[in-house]
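Novice: I am attaching a structure below and will ask some questions about it afterwards.
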There are 2 protein chains.
Amino acid sequence: MTGLNTQSYTIQFNEPLALKSGAQLGSYSLEVQTYGKLNTLKTNAVLVCHALNASHHVAGKDPTTNQTGWWDNMIGPGKPLDTDHFFVIGVNNLGSCFGSTGPMSIDPSTNKPYGSSFPLVTVEDWVDSQARVADHFGIQKFAAVMGGSLGGMQALSWGIQYPQRVAHCLIIASAANLSAQNIAFNEIARNAIMSDPDFYEGNYYAHEVTPRRGLRVARMIGHITYLSNDDMAEKFGRELKRIKGAPQDYQFSFDTEFEVESYLRYQGEKFADYFDANTYLLITRALDYFDPAKTMGGDLSKALAVIQSKSLVVSFTTDWRFAPERSREIVKALLDNKRSVTYAEIDAPHGHDAFLLDDARYHAIIRAYFSRMQEELT
Amino acid sequence: MTGLNTQSYTIQFNEPLALKSGAQLGSYSLEVQTYGKLNTLKTNAVLVCHALNASHHVAGKDPTTNQTGWWDNMIGPGKPLDTDHFFVIGVNNLGSCFGSTGPMSIDPSTNKPYGSSFPLVTVEDWVDSQARVADHFGIQKFAAVMGGSLGGMQALSWGIQYPQRVAHCLIIASAANLSAQNIAFNEIARNAIMSDPDFYEGNYYAHEVTPRRGLRVARMIGHITYLSNDDMAEKFGRELKRIKGAPQDYQFSFDTEFEVESYLRYQGEKFADYFDANTYLLITRALDYFDPAKTMGGDLSKALAVIQSKSLVVSFTTDWRFAPERSREIVKALLDNKRSVTYAEIDAPHGHDAFLLDDARYHAIIRAYFSRMQEELT
């Protein structure tokens, strides 16, 4: 077993990127982190796509911040996605707020932060920008593109946009588009942010404030949808926020009374400390817009007909954000096209968050899938 | 068939009401509306309890506002709760914003609106204040107390607090307490309101503003929890907000893009026009606090042992706010005490909102229940 072999890159792209909206980005940079070693034939690369609030820092400890990568339980030497055998690439997506070009970056045409003038980017745009990262490393074809939630949408879109450049798509806790309810939650979060007086129509940087109130509410809403009802009941129930042994009486106030309130407030504050509001708007809109079947009259089977790669689709029973039935739609559309697809529905209590957690059955499936893939490599 | 025979009352109470919080209200008034006729023996009275945003105006058209009562499909001559046979009482609860004493009322001790100094009231306090309304009409025992959602909690609490004064409890789309997830949704709504700069710690009346942004977000969150996922998919799906025949292209903006966004924004605006923010806080807190099993170490069966009345419990299959399993908890606890209970689980697609809608099977059950009750009366 070797080390994680983490390498960090800031890759500058000066060829304009045409976006789906019709706008284009003249130049931009992407933050990239890689783990493991690219083999001589460059056939062992796995692109890991992130969801709403994650980044290129996928695994290992960051020596500066001491933070652990968001999918560290999945990726590393001897882990399900084994960096002793695969070369893993994490990319911070365009428009995000962890170093890649986004609303917080300086617009070269004005010498001010882009703010609300940063163009809306889509899942398809991210995939296009990730393809240029592959080019940068001389990777013609990924062994796999893998992601959970919004990351799974990117994995699916890779199969559609670059069928010749990806051997396996791993689509976890995801969906081929958002439901009305999903869009509704996003809309409320955006509404909370945009109606915060500190939002200043997206140009809050100039006012040296951030729309913290809106970000807090947005994150609290998010957290409800990440956890299952049972999980919340198990974790918090109706427990009161009290020092142990203190009387279990209500305080009759609007201060924190229940444990679940305390948890949500804490999560909201923490998020408002580090996340950019414009990025939140932009990424939730990318989620809303993703809908590969849209140009096919809503026919997902037609939309996935171009896919050549094999797929692993994974869902979690208590995930009500992207429920198993949403994953089964993808599986059905792939089967309609006689594509090779493996599907696992994991009986896990932790709702949507399960895709980030260390569940033995889930990890065993990912491990087995990559082990088989490893045999193909040699 | 006679008319609805609507009568409106403003009933002033000058005997102090001791609240569960330890505070008391020196004097207060309640808005009351009645329908049908109280019989000579005063045995045909049915109290109808409202949920979060409803009022004493239960049935019929208001001649001034032309608004229809919130449960007009259920209550009236020849309707499931037939006002040709029953005397129906609607009470606007203490702390609400439709005429009864609440945060918007003038505090006699300061000659200013109560605002945030209005005491927190509980479901139990409401029931106590409703018992005084019964006294006012000389009603010793209600034929039934009936309500949906938070109204169902009041019906249940009537059985516990005044076992001798209610013959039947009709507990619809309700629960014996809120789950962690329910509390979480309430907390986010309150957080949105309280963090609105126009909230002024509850004393926004003096500033001649209302925390509209917070109220909008609160209402939008509420609406998601009232509708089922399937219902939202059916009603809105991923339909774009477009003039018919116009191109179905994305606009790539944060303006209203999807029908579901348009719906939520409209509901939010409408609500912010008429609902009082302090009342929203207060009523959601009453929901959070309701938990009759709390003093019994969480044992609901023990908590319901005092109930003497017969009960009808109704739930709706797609209601994820107060799911059928929450109703079954009440049924089980009543059966543990060998109480007479009828339970109906209605296969209806409309989520929590179903209790307000005109569903044939649902209404048939309520109609049959009241018909049997009518025979008891004579």
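Ordering of the structure tokens sets the chain letters (A, B, ...); residue numbers start at 1 within each chain; ligands are numbered from 1 in the order shown.
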Return as CSV the residues of chain B lying at most 8 Å from chain A, together with the closest atom-to-atom pair for each and the distance in Å to one decimal, counting only C-alpha atoms, with rows in chain order and ascending residue number.
Specialist:
residue,atom,partner,partner_atom,distance
B:Ser21,CA,A:Phe252,CA,6.1
B:Leu120,CA,A:Phe252,CA,6.4
B:Leu178,CA,A:Arg238,CA,7.9
B:Ser179,CA,A:Gly237,CA,6.5
B:Ala180,CA,A:Gly237,CA,5.1
B:Gln181,CA,A:Asn229,CA,6.0
B:Ile183,CA,A:Val260,CA,7.5
B:Ala184,CA,A:Glu261,CA,6.3
B:Phe185,CA,A:Ile221,CA,7.7
B:Glu187,CA,A:Glu261,CA,6.3
B:Ile188,CA,A:Val217,CA,6.2
B:Asn191,CA,A:Val217,CA,7.2
B:Ala192,CA,A:Val217,CA,6.4
B:Ser195,CA,A:Arg213,CA,6.3
B:Asp196,CA,A:Asp196,CA,7.6
B:Pro197,CA,A:Pro197,CA,7.9
B:Arg213,CA,A:Ser195,CA,6.3
B:Gly214,CA,A:Ala192,CA,7.8
B:Val217,CA,A:Ile188,CA,6.3
B:Met220,CA,A:Ile188,CA,6.6
B:Ile221,CA,A:Ile188,CA,7.1
B:Ile224,CA,A:Gln181,CA,7.0
B:Asn229,CA,A:Gln181,CA,6.0
B:Met232,CA,A:Ala180,CA,5.8
B:Ala233,CA,A:Ala180,CA,5.5
B:Phe236,CA,A:Ala180,CA,6.3
B:Gly237,CA,A:Ala180,CA,5.1
B:Arg238,CA,A:Ala180,CA,6.0
B:Tyr250,CA,A:Tyr289,CA,7.8
B:Gln251,CA,A:Ser21,CA,7.9
B:Phe252,CA,A:Ser21,CA,6.1
B:Ser253,CA,A:Leu120,CA,7.3
B:Phe254,CA,A:Arg285,CA,7.6
B:Val260,CA,A:Ala180,CA,6.3
B:Glu261,CA,A:Ala184,CA,6.3
B:Leu264,CA,A:Ala184,CA,7.5
B:Leu281,CA,A:Phe254,CA,7.8
B:Arg285,CA,A:Phe254,CA,7.6
B:Tyr289,CA,A:Tyr250,CA,7.7
Novice: Once DSSP has gone over the backbone, tell me which residues of region 282-372 of chain B are in strand (DSSP E or B), as a ChimeraX atom specification.
Specialist: /B:310-316,341-346
Novice: Using the selection just defined, write its residues with N, CA and C atoms as an mmCIF file, in the first residue's frame.
Specialist:
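Saved as out_16.cif:
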data_model
loop_
_atom_site.group_PDB
_atom_site.id
_atom_site.type_symbol
_atom_site.label_atom_id
_atom_site.label_comp_id
_atom_site.auth_asym_id
_atom_site.auth_seq_id
_atom_site.Cartn_x
_atom_site.Cartn_y
_atom_site.Cartn_z
ATOM 1 N N LYS B 310 -65.859 8.630 22.632
ATOM 2 C CA LYS B 310 -65.539 7.790 21.482
ATOM 3 C C LYS B 310 -64.753 8.635 20.484
ATOM 4 N N SER B 311 -63.986 7.969 19.636
ATOM 5 C CA SER B 311 -63.144 8.728 18.707
ATOM 6 C C SER B 311 -63.266 8.221 17.278
ATOM 7 N N LEU B 312 -63.159 9.161 16.369
ATOM 8 C CA LEU B 312 -62.928 8.825 14.959
ATOM 9 C C LEU B 312 -61.569 9.412 14.592
ATOM 10 N N VAL B 313 -60.681 8.564 14.119
ATOM 11 C CA VAL B 313 -59.345 9.001 13.689
ATOM 12 C C VAL B 313 -59.250 8.768 12.183
ATOM 13 N N VAL B 314 -58.843 9.791 11.455
ATOM 14 C CA VAL B 314 -58.742 9.683 9.995
ATOM 15 C C VAL B 314 -57.352 10.135 9.548
ATOM 16 N N SER B 315 -56.745 9.371 8.659
ATOM 17 C CA SER B 315 -55.465 9.784 8.073
ATOM 18 C C SER B 315 -55.518 9.612 6.556
ATOM 19 N N PHE B 316 -54.538 10.159 5.882
ATOM 20 C CA PHE B 316 -54.493 10.109 4.416
ATOM 21 C C PHE B 316 -53.154 9.518 3.975
ATOM 22 N N VAL B 341 -63.001 3.307 19.220
ATOM 23 C CA VAL B 341 -62.338 4.142 18.222
ATOM 24 C C VAL B 341 -62.579 3.578 16.816
ATOM 25 N N THR B 342 -62.917 4.456 15.912
ATOM 26 C CA THR B 342 -63.058 4.105 14.500
ATOM 27 C C THR B 342 -61.883 4.726 13.770
ATOM 28 N N TYR B 343 -61.237 3.944 12.926
ATOM 29 C CA TYR B 343 -60.082 4.475 12.212
ATOM 30 C C TYR B 343 -60.263 4.301 10.720
ATOM 31 N N ALA B 344 -60.014 5.360 9.973
ATOM 32 C CA ALA B 344 -60.067 5.283 8.514
ATOM 33 C C ALA B 344 -58.786 5.847 7.930
ATOM 34 N N GLU B 345 -58.177 5.076 7.050
ATOM 35 C CA GLU B 345 -56.975 5.527 6.352
ATOM 36 C C GLU B 345 -57.373 5.713 4.896
ATOM 37 N N ILE B 346 -57.481 6.951 4.481
ATOM 38 C CA ILE B 346 -58.032 7.253 3.164
ATOM 39 C C ILE B 346 -56.917 7.272 2.115
#
Novice: For region 296-309 of chain A, find every residue with an atom within 12 Å (counting only C-alpha atoms), except residues of its own chain fewer than 6 positions away, and show them as a PyMOL selection string.
Specialist: (chain A and resi 141-145+155-170+175-177+326+328-342) or (chain B and resi 237-239+248)
Novice: Have a look at A:Phe98, A:Gly138, A:Leu215, A:Phe199 and name the one nearest to Gln267 (chain A); count only C-alpha atoms.
Specialist: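 Using only C-alpha atoms, Gln267 (chain A) sits closest to A:Leu215.
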Novice: CA of Ser100 (chain A) and CA of Glu31 (chain A) are how many Å apart?
Specialist: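 For CA of Ser100 (chain A) relative to CA of Glu31 (chain A), the distance reads 5.1 Å.
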Novice: Show which residues sit within 8 Å of Phe86 (chain A), as a PyMOL selection string. Count only C-alpha atoms, and ignore same-chain residues fewer than 5 positions away.
Specialist: chain A and resi 36-38+44-46+81
Novice: Hey, can you spit out that residue selection with C-alpha atoms as a JSON list (two decimals), in the first residue's frame?
Specialist:
[["chain", "number", "residue", "atom", "x", "y", "z"],
["A", 36, "GLY", "CA", -2.78, 7.99, -6.76],
["A", 37, "LYS", "CA", -0.80, 7.69, -10.00],
["A", 38, "LEU", "CA", -1.86, 7.87, -13.62],
["A", 44, "ASN", "CA", -6.84, 4.22, -14.82],
["A", 45, "ALA", "CA", -8.26, 7.73, -14.26],
["A", 46, "VAL", "CA", -11.47, 8.19, -12.28],
["A", 81, "LEU", "CA", -12.08, 3.42, -4.81]]
Novice: Write out as a list in words each polymer residue whose atoms come within 8 Å of Leu30 (chain A), counting only C-alpha atoms; drop sequence neighbours fewer than 2 positions from it.
Specialist: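 These residues fall inside the cut-off: Thr10, Ile11, Gln12, Tyr28, Val32, Val91, Asn92, Asn93, Leu94, Gly99, Ser100 and Thr101 of chain A.
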Novice: Residues as selected, all heavy atoms, written as a JSON list (two decimals), in the first residue's frame, can you do that?
Specialist:
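This is the output file result_25.json:
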[["chain", "number", "residue", "atom", "x", "y", "z"],
["A", 10, "THR", "N", -3.80, 24.37, -9.98],
["A", 10, "THR", "CA", -4.71, 25.40, -10.45],
["A", 10, "THR", "C", -4.48, 25.47, -11.95],
["A", 10, "THR", "O", -3.40, 25.85, -12.40],
["A", 10, "THR", "CB", -4.37, 26.76, -9.81],
["A", 10, "THR", "OG1", -4.43, 26.63, -8.40],
["A", 10, "THR", "CG2", -5.36, 27.83, -10.27],
["A", 11, "ILE", "N", -5.49, 25.04, -12.69],
["A", 11, "ILE", "CA", -5.31, 24.95, -14.15],
["A", 11, "ILE", "C", -6.02, 26.12, -14.81],
["A", 11, "ILE", "O", -7.22, 26.33, -14.61],
["A", 11, "ILE", "CB", -5.83, 23.61, -14.71],
["A", 11, "ILE", "CG1", -5.25, 22.44, -13.90],
["A", 11, "ILE", "CG2", -5.49, 23.47, -16.19],
["A", 11, "ILE", "CD1", -5.73, 21.07, -14.35],
["A", 12, "GLN", "N", -5.24, 26.87, -15.57],
["A", 12, "GLN", "CA", -5.78, 28.05, -16.25],
["A", 12, "GLN", "C", -6.20, 27.65, -17.66],
["A", 12, "GLN", "O", -5.44, 27.00, -18.39],
["A", 12, "GLN", "CB", -4.69, 29.14, -16.28],
["A", 12, "GLN", "CG", -5.07, 30.40, -17.02],
["A", 12, "GLN", "CD", -6.12, 31.22, -16.26],
["A", 12, "GLN", "OE1", -6.17, 31.19, -15.02],
["A", 12, "GLN", "NE2", -6.96, 31.93, -16.99],
["A", 28, "TYR", "N", -10.82, 31.09, -17.57],
["A", 28, "TYR", "CA", -11.20, 30.65, -16.22],
["A", 28, "TYR", "C", -10.14, 29.70, -15.72],
["A", 28, "TYR", "O", -9.35, 29.16, -16.50],
["A", 28, "TYR", "CB", -12.58, 29.98, -16.24],
["A", 28, "TYR", "CG", -12.65, 28.79, -17.14],
["A", 28, "TYR", "CD1", -12.43, 27.50, -16.65],
["A", 28, "TYR", "CD2", -12.89, 28.94, -18.50],
["A", 28, "TYR", "CE1", -12.45, 26.40, -17.50],
["A", 28, "TYR", "CE2", -12.92, 27.85, -19.36],
["A", 28, "TYR", "CZ", -12.70, 26.59, -18.85],
["A", 28, "TYR", "OH", -12.71, 25.52, -19.70],
["A", 32, "VAL", "N", -7.95, 21.73, -8.95],
["A", 32, "VAL", "CA", -7.97, 20.28, -9.16],
["A", 32, "VAL", "C", -7.10, 19.61, -8.11],
["A", 32, "VAL", "O", -6.05, 20.16, -7.73],
["A", 32, "VAL", "CB", -7.46, 19.94, -10.59],
["A", 32, "VAL", "CG1", -7.31, 18.43, -10.78],
["A", 32, "VAL", "CG2", -8.40, 20.52, -11.64],
["A", 91, "VAL", "N", -12.34, 17.86, -9.15],
["A", 91, "VAL", "CA", -12.34, 19.19, -9.76],
["A", 91, "VAL", "C", -13.33, 20.06, -9.02],
["A", 91, "VAL", "O", -14.47, 19.65, -8.80],
["A", 91, "VAL", "CB", -12.77, 19.10, -11.26],
["A", 91, "VAL", "CG1", -12.76, 20.50, -11.90],
["A", 91, "VAL", "CG2", -11.88, 18.15, -12.03],
["A", 92, "ASN", "N", -12.93, 21.24, -8.61],
["A", 92, "ASN", "CA", -13.91, 22.18, -8.08],
["A", 92, "ASN", "C", -14.62, 22.82, -9.28],
["A", 92, "ASN", "O", -13.98, 23.40, -10.16],
["A", 92, "ASN", "CB", -13.22, 23.26, -7.23],
["A", 92, "ASN", "CG", -14.21, 24.18, -6.53],
["A", 92, "ASN", "OD1", -14.00, 25.39, -6.47],
["A", 92, "ASN", "ND2", -15.30, 23.63, -6.02],
["A", 93, "ASN", "N", -15.93, 22.67, -9.31],
["A", 93, "ASN", "CA", -16.67, 23.08, -10.51],
["A", 93, "ASN", "C", -16.67, 24.59, -10.72],
["A", 93, "ASN", "O", -16.62, 25.36, -9.76],
["A", 93, "ASN", "CB", -18.12, 22.57, -10.42],
["A", 93, "ASN", "CG", -18.23, 21.10, -10.78],
["A", 93, "ASN", "OD1", -17.41, 20.59, -11.54],
["A", 93, "ASN", "ND2", -19.23, 20.43, -10.24],
["A", 94, "LEU", "N", -16.78, 24.96, -11.97],
["A", 94, "LEU", "CA", -16.97, 26.36, -12.36],
["A", 94, "LEU", "C", -18.14, 26.96, -11.61],
["A", 94, "LEU", "O", -19.22, 26.35, -11.55],
["A", 94, "LEU", "CB", -17.32, 26.43, -13.85],
["A", 94, "LEU", "CG", -16.24, 26.77, -14.86],
["A", 94, "LEU", "CD1", -16.88, 26.85, -16.24],
["A", 94, "LEU", "CD2", -15.56, 28.09, -14.50],
["A", 99, "GLY", "N", -12.18, 28.11, -4.98],
["A", 99, "GLY", "CA", -10.95, 28.40, -5.69],
["A", 99, "GLY", "C", -11.09, 28.47, -7.20],
["A", 99, "GLY", "O", -10.37, 29.23, -7.86],
["A", 100, "SER", "N", -11.99, 27.69, -7.78],
["A", 100, "SER", "CA", -12.21, 27.77, -9.22],
["A", 100, "SER", "C", -12.93, 29.08, -9.53],
["A", 100, "SER", "O", -13.52, 29.71, -8.65],
["A", 100, "SER", "CB", -13.05, 26.57, -9.70],
["A", 100, "SER", "OG", -12.30, 25.38, -9.55],
["A", 101, "THR", "N", -12.88, 29.49, -10.79],
["A", 101, "THR", "CA", -13.51, 30.74, -11.17],
["A", 101, "THR", "C", -15.01, 30.68, -10.89],
["A", 101, "THR", "O", -15.69, 29.72, -11.26],
["A", 101, "THR", "CB", -13.26, 31.03, -12.67],
["A", 101, "THR", "OG1", -11.85, 31.08, -12.88],
["A", 101, "THR", "CG2", -13.88, 32.35, -13.08]]
Novice: Between CA of Asp135 (chain B) and CA of Thr34 (chain B), what is the spacing in Å?
Specialist: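 About the pair CA of Thr34 (chain B) and CA of Asp135 (chain B): they are 14.5 Å apart.
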Novice: How far is it from CA of Tyr369 (chain B) to CA of Ile75 (chain B), in Å with one decimal?
Specialist: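 Interatomic distance here is 13.6 Å.
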Novice: For Phe275 (chain B), which residue out of B:Met104, B:Leu4, B:Val58, B:Ile89 is the nearest one, using only C-alpha atoms?
Specialist: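 Between B:Met104, B:Leu4, B:Val58, B:Ile89, the residue approaching Phe275 (chain B) most closely is B:Met104.
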Novice: When DSSP is applied to the backbone of this structure, which of region 149-305 of chain A are assigned helix (DSSP H, G or I)? Write them out as a ChimeraX atom specification.
Specialist: /A:150-161,180-194,197-202,204-207,212-226,229-235,259-274,277-289,294-296,300-303
Novice: Hey, what's within 7 Å of Thr279 (chain B) if we count only C-alpha atoms and toss same-chain stuff fewer than 5 positions away? As a PyMOL selection string, please?
Specialist: chain B and resi 95-97+103
Novice: Could the residues in this selection be saved with N, CA and C atoms as an mmCIF file, in the first residue's frame?
Specialist:
data_model
loop_
_atom_site.group_PDB
_atom_site.id
_atom_site.type_symbol
_atom_site.label_atom_id
_atom_site.label_comp_id
_atom_site.auth_asym_id
_atom_site.auth_seq_id
_atom_site.Cartn_x
_atom_site.Cartn_y
_atom_site.Cartn_z
ATOM 1 N N GLY B 95 -54.540 34.306 20.343
ATOM 2 C CA GLY B 95 -53.216 34.464 19.747
ATOM 3 C C GLY B 95 -53.251 34.495 18.242
ATOM 4 N N SER B 96 -54.409 34.186 17.659
ATOM 5 C CA SER B 96 -54.540 34.229 16.204
ATOM 6 C C SER B 96 -54.740 35.680 15.756
ATOM 7 N N CYS B 97 -54.891 35.876 14.469
ATOM 8 C CA CYS B 97 -54.922 37.251 13.944
ATOM 9 C C CYS B 97 -56.193 37.548 13.171
ATOM 10 N N PRO B 103 -51.370 38.885 19.412
ATOM 11 C CA PRO B 103 -50.239 39.832 19.415
ATOM 12 C C PRO B 103 -50.562 41.195 18.798
#
Novice: Of the candidates A:Asp198, A:Lys112, A:His50, A:Thr318, which shows the shortest atom-to-atom distance to Pro349 (chain A), using only C-alpha atoms?
Specialist: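 Comparing A:Asp198, A:Lys112, A:His50, A:Thr318 against Pro349 (chain A), the winner is A:Thr318.
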Novice: Which residue out of B:Tyr200, B:Trp71, B:Tyr205, B:Tyr9 has the minimum interatomic distance to Met146 (chain B) when only C-alpha atoms are used?
Specialist: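 Under the stated criterion, the closest residue is B:Trp71.
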Novice: Could you check which of A:Ala277, A:Ile283, A:Ile193, A:Ala59 is closest to Gln33 (chain A), using only C-alpha atoms?
Specialist: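 Under the stated criterion, the closest residue is A:Ala59.
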Novice: Quick one: residues within 8 Å of Gly147 (chain A), only C-alpha atoms counted, chain neighbours fewer than 5 positions away excluded, as an NGL selection string?
Specialist: :A and (48-51 or 152-155 or 170-172)
